[in-house]
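S.K.: Starting off with a structure, shown below.
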Amino acid sequence: MELTRADGSPLRVLVVDDEVNIAELISMALRYEGLDVATAHTGSKAVSAAKEFKPDAVVLDMMLPDFDGLEVLRRMRSADPDVPVLFLTARDAVEDRIAGLTAGGDDYVTKPFSLEEVVARLRGLMRRAGAQQATSSSVLTVGDLSLDEDSHEVFRGGEEISLTATEFELLRFLMRNPRRVLSKAQILDRVWNYDFGGQANVVELYISYLRKKVDAGRDPMIHTMRGAGYVLKPAS
């Protein structure tokens with residue numbers, strides 16, 4: 001289920017970590033969830049980014065090269081007293097937790113963490129902060145194809161389509177990116193998380209399964225772009 005602002009635009013998250021790779025990984029995971037993301041790699045840049053970007057939540061590394069996460073939080077909160085914050089901390093120390101709570105930090109994830117945990121904690125924080133939730137956002141629709149992310153029901157032209165868990169994840173990824181060509185590498189990374197050691201033929205196999213269920217006897221929606229990947233678009 002997507003989280004949105006009252007006007008229907010995506011919620012904004014500021015990701016602050018001096019390790020560029022970590023910041024980028026978290027950002028990619030949050031963008032996949034439909035959030036609008038900005039990044040900063042120092043405390044000072046984080047404070048100025050918060051003023052310009054006006055985030056609905058902040059993922060904040062405790063250890064930064066110029067000043068620590070608590071100081072960043074103090075400066076952000078002077079401008080926006082209610083912004084929820086998820087701390088990333090390498091030290092699972094009680095002192096840190098108490099210091100963070102005293103400064104108004106809202107939750108913690110200890111490094112190393114899973115991206116799923118960061119996403120889940122952040123969604124919880126934003127819900128608690130009273131973020132508006134779009135009532136229809138759990139349903140993805142492309143042409144006459146609809147997919148309900150909550151109930152896992154899929155319909156095309158009013159007819160229900162039964163999918164396996166992997167087929168559902170693959171179709172969801174395609175439907176979240178309509179008309180966009182997705183490479184086999186992107187699909188592997190998102191749907192299989194490289195569990196198959198990057199074997200692109202598993203993507204071809206599941207695309208063929210999906211076609212038999214979604215496109216069989218109908219105008220095709222799933223197209224192969226030779227040498228580039230796959231694209232899902234409304235039937236012409």
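A note on labels: chains of the structure tokens are A, B, ... as shown, every chain counts residues from 1, and ligands are counted from 1 in their shown order.
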Mind checking which residues fall within 6 Å of region 47-62 of chain A, counting only C-alpha atoms, ignoring those fewer than 2 positions away in the same chain, and posting them as an MDAnalysis selection string?
M.R.: chainID A and resid 12:17 44:45 68:69 76 83:89
S.K.: Would you list, as a VMD selection string, the residues of region 31-227 of chain A that end up in alpha helix (DSSP H) under DSSP run on this structure's backbone?
M.R.: chain A and resid 31 to 32 43 to 53 69 to 79 94 to 103 115 to 128 165 to 176 184 to 187 201 to 214
S.K.: Tell me, in Å to one decimal, how far CA of Gly43 (chain A) is from CA of Phe67 (chain A).
M.R.: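 These two atoms are separated by 5.7 Å.
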S.K.: Just to confirm, what's the straight-line distance from CA of Glu149 (chain A) to CA of Ala235 (chain A) in Å (one decimal)?
M.R.: 21.7 Å
S.K.: Quick one: everything within 12 Å of Glu169 (chain A), counting only C-alpha atoms, minus sequence neighbours fewer than 2 positions away in the same chain. Send it as a list in words.
M.R.: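 Returned residues: Leu147, Asp148, Glu149, His152, Val154, Leu163, Thr164, Ala165, Thr166, Glu167, Leu171, Arg172, Phe173, Leu174, Met175, Arg176, Ile187, Leu188, Asp189, Arg190, Val191, Trp192, Asn193, Val203, Tyr206, Ile207 and Leu210 of chain A.
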S.K.: DSSP on the backbone, strand (DSSP E) only: what residues of chain A does that give? Format it as a ChimeraX atom specification.
M.R.: /A:12-16,36-40,57-61,85-89,107-110,139-142,145-148,154-156,159-161,222-225,229-232
S.K.: Suppose you want the space between CA of Leu125 (chain A) and CA of Leu30 (chain A); what is it in Å?
M.R.: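 Taking CA of Leu125 (chain A) and CA of Leu30 (chain A), their separation equals 13.8 Å.
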S.K.: Just want the 8 Å neighbourhood of region 228-234 of chain A, counted on only C-alpha atoms, with same-chain residues fewer than 6 positions away dropped. Output as a list in words.
M.R.: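 Listing them by chain and then by number gives Val142, Gly143, Asp144, Leu174, Met175, Asn177, Pro178, Arg179, Arg180, Val181, Leu182, Ser183, Lys184, Met221 and Ile222 of chain A.
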S.K.: How would the residues just chosen look if you wrote them out with N, CA and C atoms as a short mmCIF file (atom, residue, chain, number, x, y, z; two decimals), in the first residue's frame?
M.R.:
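Saved to again14.cif:
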data_model
loop_
_atom_site.label_atom_id
_atom_site.label_comp_id
_atom_site.auth_asym_id
_atom_site.auth_seq_id
_atom_site.Cartn_x
_atom_site.Cartn_y
_atom_site.Cartn_z
N VAL A 142 -3.35 -1.19 -15.01
CA VAL A 142 -2.77 -0.86 -16.32
C VAL A 142 -3.74 -1.41 -17.36
N GLY A 143 -4.34 -0.52 -18.14
CA GLY A 143 -5.34 -0.97 -19.11
C GLY A 143 -6.47 -1.71 -18.41
N ASP A 144 -6.80 -2.92 -18.91
CA ASP A 144 -7.88 -3.70 -18.28
C ASP A 144 -7.34 -4.71 -17.26
N LEU A 174 6.33 -5.26 -12.95
CA LEU A 174 6.01 -4.75 -14.29
C LEU A 174 4.93 -3.68 -14.21
N MET A 175 3.90 -3.91 -13.37
CA MET A 175 2.77 -2.98 -13.28
C MET A 175 3.12 -1.70 -12.55
N ASN A 177 5.81 -0.24 -13.08
CA ASN A 177 6.64 0.49 -14.06
C ASN A 177 6.04 0.37 -15.46
N PRO A 178 4.77 0.75 -15.65
CA PRO A 178 4.13 0.57 -16.96
C PRO A 178 4.83 1.39 -18.04
N ARG A 179 4.90 0.79 -19.24
CA ARG A 179 5.50 1.43 -20.41
C ARG A 179 7.01 1.66 -20.26
N ARG A 180 7.59 1.13 -19.18
CA ARG A 180 9.04 1.30 -18.97
C ARG A 180 9.74 -0.02 -19.27
N VAL A 181 10.77 0.03 -20.11
CA VAL A 181 11.51 -1.20 -20.43
C VAL A 181 12.38 -1.58 -19.23
N LEU A 182 12.17 -2.80 -18.72
CA LEU A 182 12.92 -3.30 -17.57
C LEU A 182 13.87 -4.39 -18.03
N SER A 183 15.15 -4.24 -17.72
CA SER A 183 16.14 -5.23 -18.14
C SER A 183 16.02 -6.49 -17.29
N LYS A 184 16.58 -7.58 -17.80
CA LYS A 184 16.57 -8.83 -17.04
C LYS A 184 17.29 -8.65 -15.71
N MET A 221 -0.11 -7.76 -23.52
CA MET A 221 0.32 -6.59 -22.74
C MET A 221 1.81 -6.66 -22.41
N ILE A 222 2.35 -7.89 -22.34
CA ILE A 222 3.77 -8.07 -21.98
C ILE A 222 4.57 -8.22 -23.28
#
